[in-house]
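Coordinates from work-v7.txt are shown below (compact mmCIF, C-alpha atoms).
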```
# COMPACT_ATOMS: atom_id res chain seq x y z
CA MET K 759 155.37 143.58 134.04
CA GLY K 760 155.71 139.82 134.22
CA THR K 761 151.99 139.26 133.69
CA LYS K 762 151.00 135.75 132.65
CA VAL K 763 148.14 134.99 130.27
CA ASN K 764 144.99 133.85 132.12
CA GLU K 765 146.26 135.30 135.38
CA ILE K 766 143.57 137.01 137.47
CA ALA K 767 144.04 140.75 137.03
CA VAL K 768 140.95 142.25 138.67
CA GLN K 769 138.24 140.77 140.85
CA ALA K 770 134.98 142.24 142.08
CA LYS K 771 133.62 140.46 145.14
CA GLY K 772 130.14 141.10 146.51
CA LEU K 773 130.27 144.55 144.95
CA SER K 774 127.42 147.03 145.23
CA ILE K 775 127.86 150.11 143.07
CA GLY K 776 126.06 153.41 143.04
CA TYR K 777 126.27 156.73 144.82
CA ASN K 778 125.01 158.79 147.70
CA ASP K 779 123.16 162.02 147.05
CA SER K 780 120.78 164.37 148.86
CA LYS K 781 118.00 161.79 148.52
CA GLY K 782 120.06 159.02 150.10
CA ARG K 783 121.86 155.97 148.80
CA LYS K 784 121.21 154.93 145.20
CA VAL K 785 122.23 151.35 144.37
CA VAL K 786 122.76 150.80 140.64
CA GLN K 787 123.95 147.17 140.80
CA SER K 788 124.36 144.84 143.77
CA ASP K 789 126.17 141.59 144.53
CA VAL K 790 128.49 141.93 141.53
CA ASN K 791 131.07 139.16 141.26
CA LEU K 792 133.35 139.40 138.23
CA THR K 793 136.87 138.42 137.20
CA LEU K 794 139.09 140.04 134.57
CA TYR K 795 141.92 137.90 133.17
CA SER K 796 145.20 138.87 131.56
CA GLY K 797 145.56 138.17 127.85
CA GLU K 798 141.82 138.64 127.29
CA VAL K 799 139.45 141.32 126.05
CA THR K 800 136.25 141.69 128.07
CA CYS K 801 133.37 143.85 126.85
CA LEU K 802 130.89 145.39 129.25
CA LEU K 803 127.45 145.68 127.66
CA GLY K 804 124.22 147.16 128.93
CA LEU K 805 121.46 149.61 128.14
CA ASN K 806 121.70 153.21 129.29
CA GLY K 807 121.24 153.49 133.04
CA ALA K 808 122.37 149.92 133.71
CA GLY K 809 125.54 151.13 135.45
CA LYS K 810 128.35 150.55 132.93
CA SER K 811 130.20 153.79 133.63
CA THR K 812 129.54 153.45 137.36
CA LEU K 813 131.11 149.98 137.36
CA ILE K 814 134.10 151.22 135.35
CA ARG K 815 134.67 154.12 137.75
CA THR K 816 134.35 151.82 140.77
CA LEU K 817 136.81 149.27 139.37
CA CYS K 818 139.27 152.12 138.84
CA GLY K 819 138.78 153.54 142.32
CA PHE K 820 137.35 156.82 141.02
CA GLN K 821 134.33 156.28 143.25
CA PRO K 822 134.04 153.99 146.26
CA PRO K 823 131.87 150.86 146.23
CA LEU K 824 128.79 150.94 148.41
CA GLU K 825 129.63 147.41 149.55
CA GLY K 826 132.12 144.69 148.69
CA ASP K 827 135.70 144.72 147.45
CA VAL K 828 137.76 145.30 144.34
CA LEU K 829 141.01 143.33 144.20
CA LEU K 830 143.76 144.40 141.85
CA ARG K 831 146.17 141.52 141.18
CA GLY K 832 145.09 139.99 144.49
CA LYS K 833 145.49 143.17 146.55
CA ALA K 834 142.68 145.43 147.72
CA LEU K 835 142.33 148.47 145.49
CA THR K 836 142.33 150.70 148.55
CA GLY K 837 145.84 149.46 149.34
CA TYR K 838 147.35 151.14 146.27
CA SER K 839 148.76 154.63 146.24
CA SER K 840 147.96 156.75 143.17
CA GLY K 841 151.47 156.12 141.83
CA GLU K 842 151.22 152.37 142.37
CA PHE K 843 147.80 152.29 140.73
CA ALA K 844 149.13 154.16 137.66
CA ARG K 845 151.77 151.45 137.20
CA GLU K 846 149.07 148.78 137.20
CA VAL K 847 146.09 150.30 135.39
CA GLY K 848 145.77 152.55 132.35
CA VAL K 849 142.41 154.28 131.97
CA VAL K 850 140.84 155.81 128.85
CA LEU K 851 137.56 157.61 129.59
CA THR K 852 134.71 158.51 127.24
CA GLU K 853 135.34 162.22 127.12
CA LYS K 854 137.38 163.57 124.24
CA THR K 855 140.78 164.73 125.43
CA ASN K 856 141.30 168.48 125.63
CA ALA K 857 145.04 168.10 125.07
CA GLY K 858 144.80 169.67 121.62
CA GLY K 859 147.69 172.06 122.27
CA ILE K 860 150.33 169.36 122.67
CA THR K 861 151.82 166.96 120.15
CA VAL K 862 151.05 163.27 119.94
CA TYR K 863 154.55 162.50 121.22
CA GLU K 864 154.01 164.74 124.25
CA LEU K 865 150.60 163.18 124.96
CA VAL K 866 152.00 159.65 124.84
CA GLY K 867 154.93 160.83 126.94
CA LEU K 868 152.51 161.69 129.76
CA GLY K 869 152.13 157.95 130.20
CA ARG K 870 155.67 157.90 131.61
CA HIS K 871 154.73 160.22 134.48
CA PRO K 872 154.48 157.39 137.08
CA TYR K 873 158.16 156.67 136.41
CA THR K 874 159.71 160.08 135.73
CA GLY K 875 159.05 161.80 139.04
CA PHE K 876 157.88 165.33 139.77
CA PHE K 877 159.79 167.07 136.97
CA GLY K 878 158.83 164.53 134.32
CA THR K 879 162.28 164.37 132.75
CA LEU K 880 162.37 161.74 130.01
CA LYS K 881 165.44 159.53 129.83
CA GLU K 882 166.58 157.43 126.89
CA ASN K 883 164.65 154.38 128.10
CA ASP K 884 161.47 156.46 128.48
CA ARG K 885 161.82 157.71 124.91
CA LYS K 886 162.25 154.15 123.62
CA ILE K 887 159.06 153.12 125.42
CA ILE K 888 157.15 156.11 124.01
CA GLU K 889 158.31 155.29 120.48
CA ALA K 890 157.46 151.60 120.90
CA SER K 891 153.99 152.51 122.23
CA MET K 892 153.25 154.73 119.24
CA GLU K 893 154.53 152.05 116.89
CA ALA K 894 152.32 149.41 118.54
CA VAL K 895 149.14 151.36 117.78
CA GLY K 896 150.26 152.65 114.38
CA ILE K 897 150.41 156.36 115.23
CA SER K 898 154.17 157.00 114.91
CA HIS K 899 153.75 158.92 111.65
CA LYS K 900 151.65 161.49 113.54
CA GLN K 901 153.99 161.96 116.51
CA HIS K 902 154.85 165.58 115.62
CA ASN K 903 151.24 166.56 114.90
CA TYR K 904 149.17 168.40 117.45
CA VAL K 905 146.44 166.30 119.01
CA SER K 906 143.90 168.84 117.73
CA GLU K 907 144.88 167.90 114.18
CA LEU K 908 143.98 164.22 114.59
CA SER K 909 140.83 162.44 113.52
CA ASP K 910 138.75 160.85 116.27
CA GLY K 911 140.20 157.43 115.42
CA GLU K 912 143.78 158.72 115.50
CA ARG K 913 143.14 160.50 118.78
CA GLN K 914 141.85 157.28 120.31
CA LYS K 915 144.99 155.46 119.14
CA ALA K 916 147.12 158.16 120.75
CA MET K 917 145.25 157.73 124.05
CA ILE K 918 145.79 153.98 123.91
CA ALA K 919 149.48 154.57 123.17
CA LYS K 920 149.61 156.74 126.28
CA VAL K 921 148.36 153.90 128.51
CA LEU K 922 150.80 151.53 126.80
CA ALA K 923 153.60 153.92 127.74
CA GLN K 924 152.52 153.46 131.35
CA GLU K 925 153.62 149.81 131.00
CA CYS K 926 150.56 148.74 132.96
CA PRO K 927 149.20 145.18 132.73
CA ILE K 928 145.56 146.31 132.90
CA ILE K 929 143.73 148.66 130.53
CA VAL K 930 140.23 149.98 131.27
CA LEU K 931 138.31 151.92 128.63
CA ASP K 932 134.92 153.59 128.96
CA GLU K 933 133.13 153.69 125.58
CA PRO K 934 136.37 153.90 123.53
CA THR K 935 134.53 153.70 120.21
CA ALA K 936 131.68 156.08 121.04
CA PHE K 937 132.85 158.90 118.72
CA LEU K 938 134.30 156.72 115.97
CA ASP K 939 133.01 155.81 112.53
CA VAL K 940 132.50 152.17 111.55
CA THR K 941 136.02 151.63 110.18
CA ALA K 942 137.68 153.30 113.16
CA ARG K 943 135.56 151.24 115.60
CA ILE K 944 136.68 147.99 114.00
CA ASP K 945 140.28 149.24 113.85
CA THR K 946 140.22 150.07 117.56
CA MET K 947 138.75 146.70 118.56
CA VAL K 948 141.31 144.83 116.44
CA LEU K 949 144.08 146.85 118.09
CA LEU K 950 142.84 146.09 121.61
CA ARG K 951 142.59 142.38 120.85
CA LYS K 952 146.12 142.42 119.43
CA LEU K 953 147.45 144.10 122.58
CA ALA K 954 145.73 141.53 124.79
CA LYS K 955 147.06 138.56 122.85
CA GLU K 956 150.56 139.80 122.05
CA GLN K 957 151.35 141.72 125.24
CA GLY K 958 149.21 139.80 127.73
CA LYS K 959 147.19 142.85 128.72
CA ALA K 960 143.94 142.44 130.65
CA ILE K 961 141.52 144.73 128.82
CA VAL K 962 137.97 145.66 129.77
CA LEU K 963 135.88 148.18 127.87
CA SER K 964 132.30 149.35 128.06
CA THR K 965 130.50 149.62 124.74
CA HIS K 966 127.13 149.81 123.00
CA ASP K 967 128.55 148.04 119.94
CA ILE K 968 127.06 144.55 120.34
CA ASP K 969 128.37 143.36 116.96
CA SER K 970 132.00 144.19 117.76
CA ALA K 971 131.70 142.81 121.28
CA ILE K 972 130.39 139.48 120.05
CA GLY K 973 133.02 139.30 117.32
CA MET K 974 136.08 140.45 119.25
CA ALA K 975 135.62 139.83 122.99
CA ASP K 976 136.77 136.75 124.87
CA ASN K 977 134.19 137.47 127.57
CA LEU K 978 131.10 139.62 127.99
CA TRP K 979 129.81 141.24 131.16
CA LEU K 980 126.08 141.97 130.80
CA LEU K 981 124.48 144.66 132.97
CA SER K 982 120.74 145.19 133.09
CA LYS K 983 118.51 147.08 135.52
CA GLY K 984 117.03 144.85 138.18
CA LYS K 985 118.99 141.76 137.15
CA HIS K 986 122.22 140.18 138.33
CA VAL K 987 125.28 140.70 136.17
CA ARG K 988 125.77 137.81 133.77
CA PHE K 989 129.11 136.89 132.23
CA GLY K 990 130.73 134.35 129.94
CA ALA K 991 132.00 133.74 126.41
CA PRO K 992 129.82 135.47 123.78
CA GLU K 993 128.90 132.20 122.09
CA ASP K 994 127.79 130.57 125.34
CA LEU K 995 125.67 133.58 126.25
CA ILE K 996 124.09 133.59 122.81
CA MET K 997 123.26 129.88 122.70
CA ASP K 998 121.88 129.66 126.24
CA GLY K 999 119.54 132.59 125.55
CA THR K 1000 121.16 135.02 128.00
CA ILE K 1001 121.85 137.79 125.47
CA GLY K 1002 118.37 137.46 124.04
CA GLU K 1003 116.92 137.75 127.54
CA PHE K 1004 119.01 140.81 128.36
CA PHE K 1005 118.52 142.83 125.19
CA SER K 1006 115.21 141.75 123.71
CA LYS K 1007 112.24 143.94 124.54
CA GLU K 1008 108.92 144.90 123.00
CA ASN K 1009 109.26 144.93 119.21
CA ILE K 1010 113.00 144.05 119.42
CA ILE K 1011 114.50 140.57 119.42
CA PHE K 1012 118.01 139.12 119.44
CA ASP K 1013 118.40 136.66 116.59
CA GLN K 1014 120.62 133.76 117.70
CA SER K 1015 121.34 132.73 114.11
CA THR K 1016 122.77 136.11 113.08
CA GLY K 1017 123.89 137.58 116.42
CA LYS K 1018 122.00 140.81 115.75
CA LEU K 1019 119.16 142.78 117.29
CA SER K 1020 116.26 143.29 114.90
CA SER K 1021 112.66 144.43 114.80
CA VAL K 1022 109.96 141.91 115.67
CA LEU K 1023 107.84 141.25 112.60
CA PRO K 1024 104.46 139.52 112.64
CA LYS K 1025 104.55 135.88 111.66
CA VAL K 1026 104.70 136.02 107.89
CA LEU K 1027 105.04 133.79 104.86
CA PRO K 1028 108.04 131.44 105.13
CA VAL K 1029 110.43 131.28 102.18
CA GLY K 1030 112.95 128.46 101.88
CA VAL K 1031 116.51 129.53 101.04
CA SER K 1032 119.42 127.36 99.94
CA GLY K 1033 122.77 127.84 98.22
CA ASP K 1034 126.21 129.10 99.15
CA PHE K 1035 126.40 130.49 102.67
CA GLN K 1036 127.18 134.12 101.87
CA THR K 1037 124.54 134.57 99.20
CA SER K 1038 121.90 132.71 101.21
CA TYR K 1039 122.64 134.81 104.29
CA TRP K 1040 122.13 138.12 102.50
CA VAL K 1041 119.10 136.89 100.57
CA GLY K 1042 117.61 135.92 103.94
CA ASN K 1043 118.48 139.37 105.30
CA ALA K 1044 116.59 140.99 102.43
CA LEU K 1045 113.61 138.67 102.83
CA VAL K 1046 113.26 139.59 106.52
CA ARG K 1047 113.34 143.28 105.66
CA ASN K 1048 110.54 142.74 103.18
CA GLY K 1049 108.31 140.83 105.57
CA PHE K 1050 109.16 137.18 104.87
CA THR K 1051 110.63 134.53 107.14
CA PRO K 1052 113.67 132.63 105.76
CA SER K 1053 113.46 128.89 106.39
CA ALA K 1054 114.72 125.54 105.19
CA ILE K 1055 113.64 124.44 101.73
CA GLN K 1056 109.94 123.49 101.68
CA GLU K 1057 108.64 120.71 99.48
CA ASN K 1058 105.38 122.47 98.60
CA GLY K 1059 106.28 126.05 99.43
CA ILE K 1060 108.07 129.09 98.10
CA ASN K 1061 111.84 128.65 97.76
CA VAL K 1062 114.84 130.64 96.61
CA ILE K 1063 117.77 128.69 95.19
CA CYS K 1064 120.96 130.77 95.26
CA HIS K 1065 123.08 129.46 92.40
CA SER K 1066 125.18 132.64 92.68
CA ARG K 1067 124.54 136.25 93.62
CA GLU K 1068 123.61 136.97 89.99
CA ASN K 1069 121.62 133.76 89.47
CA LEU K 1070 118.75 133.51 91.93
CA GLU K 1071 115.92 131.11 91.19
CA LEU K 1072 112.51 131.67 92.76
CA GLN K 1073 110.44 128.45 92.89
CA TYR K 1074 106.68 128.47 93.50
CA PRO K 1075 104.35 125.80 94.99
CA ASP K 1076 102.99 125.02 91.50
CA LYS K 1077 106.59 124.20 90.43
CA SER K 1078 106.87 127.26 88.19
CA THR K 1079 110.03 129.36 88.50
CA LYS K 1080 111.28 132.89 87.96
CA LYS K 1081 114.85 134.13 87.64
CA ALA K 1082 116.51 137.16 89.25
CA THR K 1083 119.96 138.57 88.58
CA SER K 1084 120.21 140.53 91.84
CA VAL K 1085 118.77 140.52 95.35
CA ALA K 1086 116.95 143.76 94.58
CA GLN K 1087 115.24 142.16 91.58
CA LEU K 1088 114.37 139.08 93.64
CA CYS K 1089 112.69 141.24 96.28
CA GLU K 1090 110.78 143.16 93.61
CA ILE K 1091 109.42 139.91 92.16
CA ILE K 1092 108.45 138.20 95.40
CA THR K 1093 106.82 141.28 96.97
CA LYS K 1094 104.78 141.77 93.82
CA ASP K 1095 103.64 138.14 93.80
CA TYR K 1096 103.04 138.04 97.57
CA PRO K 1097 102.15 141.56 98.73
CA ALA K 1098 101.96 142.16 102.47
```
Using structure tokens, write down the structure that the file contains.
Amino acid sequence: MGTKVNEIAVQAKGLSIGYNDSKGRKVVQSDVNLTLYSGEVTCLLGLNGAGKSTLIRTLCGFQPPLEGDVLLRGKALTGYSSGEFAREVGVVLTEKTNAGGITVYELVGLGRHPYTGFFGTLKENDRKIIEASMEAVGISHKQHNYVSELSDGERQKAMIAKVLAQECPIIVLDEPTAFLDVTARIDTMVLLRKLAKEQGKAIVLSTHDIDSAIGMADNLWLLSKGKHVRFGAPEDLIMDGTIGEFFSKENIIFDQSTGKLSSVLPKVLPVGVSGDFQTSYWVGNALVRNGFTPSAIQENGINVICHSRENLELQYPDKSTKKATSVAQLCEIITKDYPA
């Protein structure tokens, strides 16, 4: 499509999103100003009711904005016909596809509809594009299978292959990993990042998977009730406290050092931890779970020296020591010596 990396693909300007019902106008988010760039993966995060799906539907023109504009490659979204829009944007919604009675090849082939006309006759070039799209997502070996025979992860790959067959520069996905197991979620996120980097696609997806978003996204869009949308690189939003502000609530905090949400524990006994990074990290994880607070090594405190994962040395304030050959054994010792 001639899309350049870092080219502006979609812009929301002064956008208010929501809906009108029998009780009047309901504004979900107001004054939304966002930019989606080609060659990048953007993750849309927010708690239930924050307006993620509403924003996705508005950006795709499935529901009109209450105020403001959506620009698609510099042109107002309202200026696109349905056929023109389908050549620019591929959409994968949350709902599982009901196309179980057709093969994977036929499903992916539907992505060529904007180019094949009313009768949908596939020419040689269309078939090459379909085959290349299946190959790109690693689903070619299932092309003759019925969609109903696929796992959730395979079905998601087939849907992504379908939007690739549309040859559109922009891909929008609403909760694409919602029905997937852990491995399939990671696989899908890796695939989307690969498509953005190798094919210059502008990709935006809504998700509840904070871990994957932080690890895989170039940018985050954060939606929260009663607050303006915040956006930026994950690392910037972590270090400036934005993510913690958005997702922390009573009894839940966002830990900047680990990038994870966790339960708030009362201030408890600090335990110094040192050693190789991986072992120290997981020892600290276990200590938190058992009611301790990992810290730097303390001169007159309790410390754990991680010589290796099978050689953990527990040092006490009186300079005595105990050995553990596993994290489980370490936790057993320290919780016995320092019960909650």
Per-residue nearest contacts stretch 880-958 of chain K to stretch 816-826 of chain K, cut-off 12 Å, using only C-alpha atoms, as CSV:
```
residue,atom,partner,partner_atom,distance
K:Ile928,CA,K:Cys818,CA,10.4
K:Ile929,CA,K:Cys818,CA,10.0
K:Val930,CA,K:Cys818,CA,7.9
K:Leu931,CA,K:Cys818,CA,10.3
K:Asp932,CA,K:Cys818,CA,10.9
```
TODO: To one decimal in Å, tell me the separation between atom CA of K:Leu922 and atom CA of K:Ile775.
DONE: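 Interatomic distance here is 28.2 Å.
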TODO: Determine the nearest neighbour of K:Ile972 from the options K:Ser1038, K:Asn791, K:Ser1020, K:Thr800, counting only C-alpha atoms.
DONE: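 With only C-alpha atoms as the atom set, the closest residue is K:Thr800.
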Task: Long-range neighbours of stretch 949-964 of chain K as a PyMOL selection string, 10 Å cut-off, only C-alpha atoms, 4 positions minimum in chain - done: chain K and resi 759-768+794-804+810-811+813-814+847-852+894-896+915+918+922+925-936+943-945+971+974-979
- [ ] Take atom CA of K:Val905 and atom CA of K:Leu865 and report the distance between them in Å, one decimal.
- [x]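 Rounded to one decimal, the two atoms are 7.9 Å apart.
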Residues near K:Asp969, cut-off 10 Å, all atoms listed in the file, skip fewer than 6 positions along chain, as an mmCIF file with C-alpha atoms, keeping the file's coordinate frame:
```cif
data_model
loop_
_atom_site.group_PDB
_atom_site.id
_atom_site.type_symbol
_atom_site.label_atom_id
_atom_site.label_comp_id
_atom_site.auth_asym_id
_atom_site.auth_seq_id
_atom_site.Cartn_x
_atom_site.Cartn_y
_atom_site.Cartn_z
ATOM 1 C CA ILE K 944 136.680 147.990 114.000
ATOM 2 C CA THR K 1016 122.770 136.110 113.080
ATOM 3 C CA GLY K 1017 123.890 137.580 116.420
ATOM 4 C CA LYS K 1018 122.000 140.810 115.750
ATOM 5 C CA LEU K 1019 119.160 142.780 117.290
#
```
Task: From K:Lys784, K:Pro1097, K:Gln1036, K:Phe1004, residue lying nearest K:Gly1049 [all atoms listed in the file] - done: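 That would be K:Pro1097, the residue with the smallest distance to K:Gly1049.
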- [ ] Work out how far apart atom CA of K:Ile860 and atom CA of K:Pro872 are and give it in Å to one decimal.
- [x]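 Going from atom CA of K:Ile860 over to atom CA of K:Pro872, I get 19.2 Å.
Compared by their closest atoms to K:Cys1064, and using all atoms listed in the file, the residues K:Ser1078, K:Ser1032, K:Asn1043, K:Thr1093 rank with K:Ser1032 nearest.
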Open item on the list: Here is a test: counting all atoms listed in the file, which residue of K:Ala770, K:Val785, K:Asp967, K:Ile1091 is nearest to K:Gly832?
Closed with: K:Ala770
Open item on the list: So that I can see what lies close to K:Val1029, please list as an MDAnalysis selection string the residues with an atom at most 12 Å from it, counting only C-alpha atoms and leaving out residues fewer than 4 positions away in the same chain.
Closed with: chainID K and resid 1038 1041:1046 1048:1063 1072:1075 1089 1092:1093 1096
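Minimum atom-to-atom distance to K:Lys886, evaluated using only C-alpha atoms, belongs to K:Val866 out of K:Val866, K:Leu908, K:Val987, K:Leu805.
Of the residues under consideration (K:Leu880, K:Lys920, K:Glu912, K:Leu829), K:Lys920 shows the shortest atom-to-atom contact distance to K:Leu868 when counting all atoms listed in the file.
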Taking the partial coordinates given, rebuild stretch 803-821 of chain K to contain N, CA and C atoms; return it as a compact mmCIF listing (two decimals), keeping the file's coordinate frame.
```txt
# COMPACT_ATOMS: atom_id res chain seq x y z
N LEU K 803 128.62 145.27 128.44
CA LEU K 803 127.45 145.68 127.66
C LEU K 803 126.26 145.95 128.58
N GLY K 804 125.44 146.89 128.17
CA GLY K 804 124.22 147.16 128.93
C GLY K 804 123.52 148.37 128.37
N LEU K 805 122.22 148.45 128.59
CA LEU K 805 121.46 149.61 128.14
C LEU K 805 121.79 150.82 129.00
N ASN K 806 121.46 151.99 128.52
CA ASN K 806 121.70 153.21 129.29
C ASN K 806 121.03 153.11 130.66
N GLY K 807 121.77 153.52 131.68
CA GLY K 807 121.24 153.49 133.04
C GLY K 807 121.48 152.19 133.77
N ALA K 808 122.12 151.22 133.08
CA ALA K 808 122.37 149.92 133.71
C ALA K 808 123.56 149.96 134.67
N GLY K 809 124.42 150.98 134.52
CA GLY K 809 125.54 151.13 135.45
C GLY K 809 126.90 150.83 134.87
N LYS K 810 127.05 150.86 133.55
CA LYS K 810 128.35 150.55 132.93
C LYS K 810 129.44 151.52 133.40
N SER K 811 129.19 152.80 133.25
CA SER K 811 130.20 153.79 133.63
C SER K 811 130.44 153.77 135.14
N THR K 812 129.39 153.53 135.90
CA THR K 812 129.54 153.45 137.36
C THR K 812 130.44 152.28 137.74
N LEU K 813 130.26 151.14 137.09
CA LEU K 813 131.11 149.98 137.36
C LEU K 813 132.55 150.26 136.97
N ILE K 814 132.74 150.88 135.80
CA ILE K 814 134.10 151.22 135.35
C ILE K 814 134.78 152.13 136.37
N ARG K 815 134.07 153.17 136.80
CA ARG K 815 134.67 154.12 137.75
C ARG K 815 134.97 153.45 139.09
N THR K 816 134.12 152.52 139.50
CA THR K 816 134.35 151.82 140.77
C THR K 816 135.54 150.88 140.67
N LEU K 817 135.66 150.18 139.56
CA LEU K 817 136.81 149.27 139.37
C LEU K 817 138.13 150.04 139.34
N CYS K 818 138.06 151.30 138.90
CA CYS K 818 139.27 152.12 138.84
C CYS K 818 139.51 152.93 140.11
N GLY K 819 138.61 152.81 141.08
CA GLY K 819 138.78 153.54 142.32
C GLY K 819 138.41 155.00 142.24
N PHE K 820 137.75 155.42 141.16
CA PHE K 820 137.35 156.82 141.02
C PHE K 820 136.13 157.14 141.88
N GLN K 821 135.38 156.12 142.27
CA GLN K 821 134.33 156.28 143.25
C GLN K 821 134.28 155.01 144.10
```
